[in-house]
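Worksheet for the structure shown next.
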Amino acid sequence: SRVFKVKHRIQNLFYTMKLFNESVNFNSVKDEYEALKNLKHRNIVQFVWNDEASNGQFYTVMEYLDGENLSNYTRTDARLSIFKVVDLAKDMLAALVEMQSREKPILHRDIKPQNIIWDNGERFVLIDFNVASSNTENKDFVGTNPYLAPDLIHENYKVHWDKSADVFALGVTLYELACKHYPWDPKKTPRVSEIPNDPKILEPKLSREFADFLLKAIATNGELRFKDAFEMQEAL
């Protein structure tokens, strides 16, 4: 999909418009709509409306966020302070608790630095609900491999999604931003059988408590990981 900054001429307001590729089917657009339509939270991008363009392409209009995604802080020398990483954790966990506490919990399933916007330097906002789902029977292999808990992947690449999946992905994201390294570096994906690098060694400024918090979030054994966003929020 392509994303544009657009202006509503009557309202004189700016919005973000995501124009889906022509190959995207109706169900994908509908899934994002179903995930976002009733979510109203300062750390979740606000859905406005969606429709079909004259050429048949679907589009979604959302609030305009004035900032860049956080991938800049994992790809370059730019760095977030430890205090700002903690603020990010608070904002994202507030968003996830809101999503997971609904009657039909919503799983984002693709949390990563690219899908978090630092809006005006004031708040962190979760975006891109393309593969989000509240269907517990859905076992599609979606998301981004480096942020996918390996213990949830079963035979035939079926993913047994649960609330800890987003916890794991957020933990990897926080680790990368705090330490400027991937947890299993030089590996590019997590392994059930391999312990991640100790974040305290990579970034001595981290407290032992926060380092252990990160390690619990990214545990590749689901029994050792935070079971949901609420438990992780309480630990923070």
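By order of appearance in the structure tokens: chains A, B, ..., then residues from 1 within every chain, and ligands from 1 in the order shown.
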- request: Skip Leu202 (chain A) itself and residues of its chain fewer than 3 positions away, then list as a ChimeraX atom specification all residues within 12 Å of it, counting only C-alpha atoms.
  value: /A:175-185,196-199,205-207,211
Residues of the last selection are to be written out with N, CA and C atoms, as a short mmCIF file (atom, residue, chain, number, x, y, z; two decimals), in the first residue's frame.
```cif
data_model
loop_
_atom_site.label_atom_id
_atom_site.label_comp_id
_atom_site.auth_asym_id
_atom_site.auth_seq_id
_atom_site.Cartn_x
_atom_site.Cartn_y
_atom_site.Cartn_z
N TYR A 175 13.76 -3.75 23.22
CA TYR A 175 15.15 -4.20 23.32
C TYR A 175 16.01 -3.51 22.25
N GLU A 176 15.53 -3.56 21.00
CA GLU A 176 16.29 -2.96 19.90
C GLU A 176 16.53 -1.48 20.13
N LEU A 177 15.51 -0.78 20.62
CA LEU A 177 15.62 0.66 20.80
C LEU A 177 16.50 1.01 22.00
N ALA A 178 16.47 0.17 23.02
CA ALA A 178 17.28 0.43 24.22
C ALA A 178 18.74 0.07 24.01
N CYS A 179 18.97 -1.01 23.25
CA CYS A 179 20.33 -1.56 23.13
C CYS A 179 20.99 -1.32 21.78
N LYS A 180 20.20 -0.88 20.78
CA LYS A 180 20.72 -0.70 19.42
C LYS A 180 21.23 -2.01 18.82
N HIS A 181 20.69 -3.13 19.29
CA HIS A 181 21.04 -4.46 18.77
C HIS A 181 19.79 -5.32 18.76
N TYR A 182 19.77 -6.30 17.86
CA TYR A 182 18.71 -7.30 17.88
C TYR A 182 19.04 -8.30 18.99
N PRO A 183 18.04 -8.78 19.75
CA PRO A 183 18.32 -9.65 20.90
C PRO A 183 19.16 -10.89 20.60
N TRP A 184 18.97 -11.46 19.39
CA TRP A 184 19.70 -12.70 19.06
C TRP A 184 20.84 -12.43 18.07
N ASP A 185 21.26 -11.19 17.99
CA ASP A 185 22.35 -10.80 17.10
C ASP A 185 23.57 -11.72 17.34
N PRO A 196 18.63 -15.08 24.38
CA PRO A 196 19.03 -13.79 23.80
C PRO A 196 20.21 -13.19 24.56
N ASN A 197 20.89 -12.27 23.92
CA ASN A 197 22.00 -11.56 24.56
C ASN A 197 21.48 -10.73 25.73
N ASP A 198 22.26 -10.64 26.80
CA ASP A 198 21.86 -9.89 27.98
C ASP A 198 21.86 -8.39 27.65
N PRO A 199 20.71 -7.72 27.72
CA PRO A 199 20.67 -6.29 27.38
C PRO A 199 21.54 -5.43 28.28
N LYS A 205 23.83 1.21 30.90
CA LYS A 205 22.99 2.21 31.58
C LYS A 205 21.66 1.62 32.04
N LEU A 206 21.27 0.48 31.47
CA LEU A 206 20.02 -0.15 31.88
C LEU A 206 20.13 -0.68 33.31
N SER A 207 19.05 -0.55 34.07
CA SER A 207 19.03 -1.19 35.39
C SER A 207 18.90 -2.69 35.19
N ALA A 211 16.42 -4.65 32.46
CA ALA A 211 16.99 -5.67 31.57
C ALA A 211 16.24 -6.99 31.74
#
```
Proximity of region 25-131 of chain A to region 212-221 of chain A: per-residue shortest pair, 12 Å limit, only C-alpha atoms, as JSON lines:
```
{"residue": "A:Val85", "atom": "CA", "partner": "A:Leu214", "partner_atom": "CA", "distance": 11.4}
{"residue": "A:Val86", "atom": "CA", "partner": "A:Leu214", "partner_atom": "CA", "distance": 10.9}
{"residue": "A:Ala89", "atom": "CA", "partner": "A:Leu214", "partner_atom": "CA", "distance": 10.4}
{"residue": "A:Leu93", "atom": "CA", "partner": "A:Ala217", "partner_atom": "CA", "distance": 11.8}
```
Would you mind exporting the chosen residues as a JSON list (two decimals), in the first residue's frame, restricted to all heavy atoms?
```json
[["chain", "number", "residue", "atom", "x", "y", "z"],
["A", 85, "VAL", "N", 12.47, 5.33, 26.03],
["A", 85, "VAL", "CA", 12.10, 3.94, 25.75],
["A", 85, "VAL", "C", 11.07, 3.46, 26.78],
["A", 85, "VAL", "O", 10.12, 2.75, 26.44],
["A", 85, "VAL", "CB", 13.35, 3.02, 25.77],
["A", 85, "VAL", "CG1", 12.94, 1.55, 25.64],
["A", 85, "VAL", "CG2", 14.29, 3.39, 24.63],
["A", 86, "VAL", "N", 11.24, 3.88, 28.02],
["A", 86, "VAL", "CA", 10.26, 3.53, 29.05],
["A", 86, "VAL", "C", 8.92, 4.19, 28.75],
["A", 86, "VAL", "O", 7.85, 3.58, 28.91],
["A", 86, "VAL", "CB", 10.77, 3.93, 30.46],
["A", 86, "VAL", "CG1", 9.66, 3.74, 31.50],
["A", 86, "VAL", "CG2", 12.00, 3.11, 30.83],
["A", 89, "ALA", "N", 7.26, 2.18, 26.16],
["A", 89, "ALA", "CA", 6.68, 0.97, 26.74],
["A", 89, "ALA", "C", 5.34, 1.27, 27.40],
["A", 89, "ALA", "O", 4.36, 0.53, 27.23],
["A", 89, "ALA", "CB", 7.65, 0.36, 27.76],
["A", 93, "LEU", "N", 1.91, -0.31, 25.91],
["A", 93, "LEU", "CA", 1.18, -1.24, 26.79],
["A", 93, "LEU", "C", -0.21, -0.71, 27.09],
["A", 93, "LEU", "O", -1.16, -1.49, 27.19],
["A", 93, "LEU", "CB", 1.98, -1.47, 28.07],
["A", 93, "LEU", "CG", 3.20, -2.38, 27.89],
["A", 93, "LEU", "CD1", 4.09, -2.36, 29.13],
["A", 93, "LEU", "CD2", 2.77, -3.81, 27.57]]
```
message: Could you tell me how far CA of Val6 (chain A) sits from CA of Ser133 (chain A), in Å to one decimal place?
response: 27.4 Å
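Of the residues under consideration (A:Asn12, A:Gln233, A:Asn135, A:Asn21), A:Asn21 shows the shortest atom-to-atom contact distance to Ala53 (chain A) when counting only C-alpha atoms.
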Any idea what's packed within 10 Å of Gln114 (chain A), counting only C-alpha atoms, ignoring anything in its chain fewer than 2 positions away? Could you give it as a PDB file with C-alpha atoms, in the first residue's frame?
```pdb
ATOM      1  CA  GLU A  68       8.204   9.440  11.641  1.00  0.00           C
ATOM      2  CA  ASN A  69       8.150   5.793  12.564  1.00  0.00           C
ATOM      3  CA  LEU A  70      10.732   4.444  14.986  1.00  0.00           C
ATOM      4  CA  SER A  71      12.700   2.389  12.457  1.00  0.00           C
ATOM      5  CA  ASN A  72      15.024   5.379  12.160  1.00  0.00           C
ATOM      6  CA  TYR A  73      16.256   4.522  15.674  1.00  0.00           C
ATOM      7  CA  THR A  74      17.112   0.947  14.735  1.00  0.00           C
ATOM      8  CA  ASP A 110       2.800  -6.983  13.567  1.00  0.00           C
ATOM      9  CA  ILE A 111       4.262  -4.741  16.267  1.00  0.00           C
ATOM     10  CA  LYS A 112       7.696  -3.449  15.269  1.00  0.00           C
ATOM     11  CA  ILE A 116       4.962   2.984  15.770  1.00  0.00           C
ATOM     12  CA  ILE A 117       4.854   6.738  15.124  1.00  0.00           C
ATOM     13  CA  LEU A 126       0.476   2.219  17.088  1.00  0.00           C
ATOM     14  CA  ILE A 127      -0.402   2.090  13.388  1.00  0.00           C
ATOM     15  CA  ASP A 128      -0.928  -0.394  10.528  1.00  0.00           C
ATOM     16  CA  THR A 173      11.076  -3.609  19.756  1.00  0.00           C
TER      17      THR A 173
END
```
statement: Taken to one decimal, the CA of Lys163 (chain A)-CA of Glu98 (chain A) distance is 12.1 Å
field: Picked from region 142-181 of chain A by DSSP as helix (DSSP H, G or I), as a PyMOL selection string
entry: chain A and resi 145-147+150-152+155-157+164-179
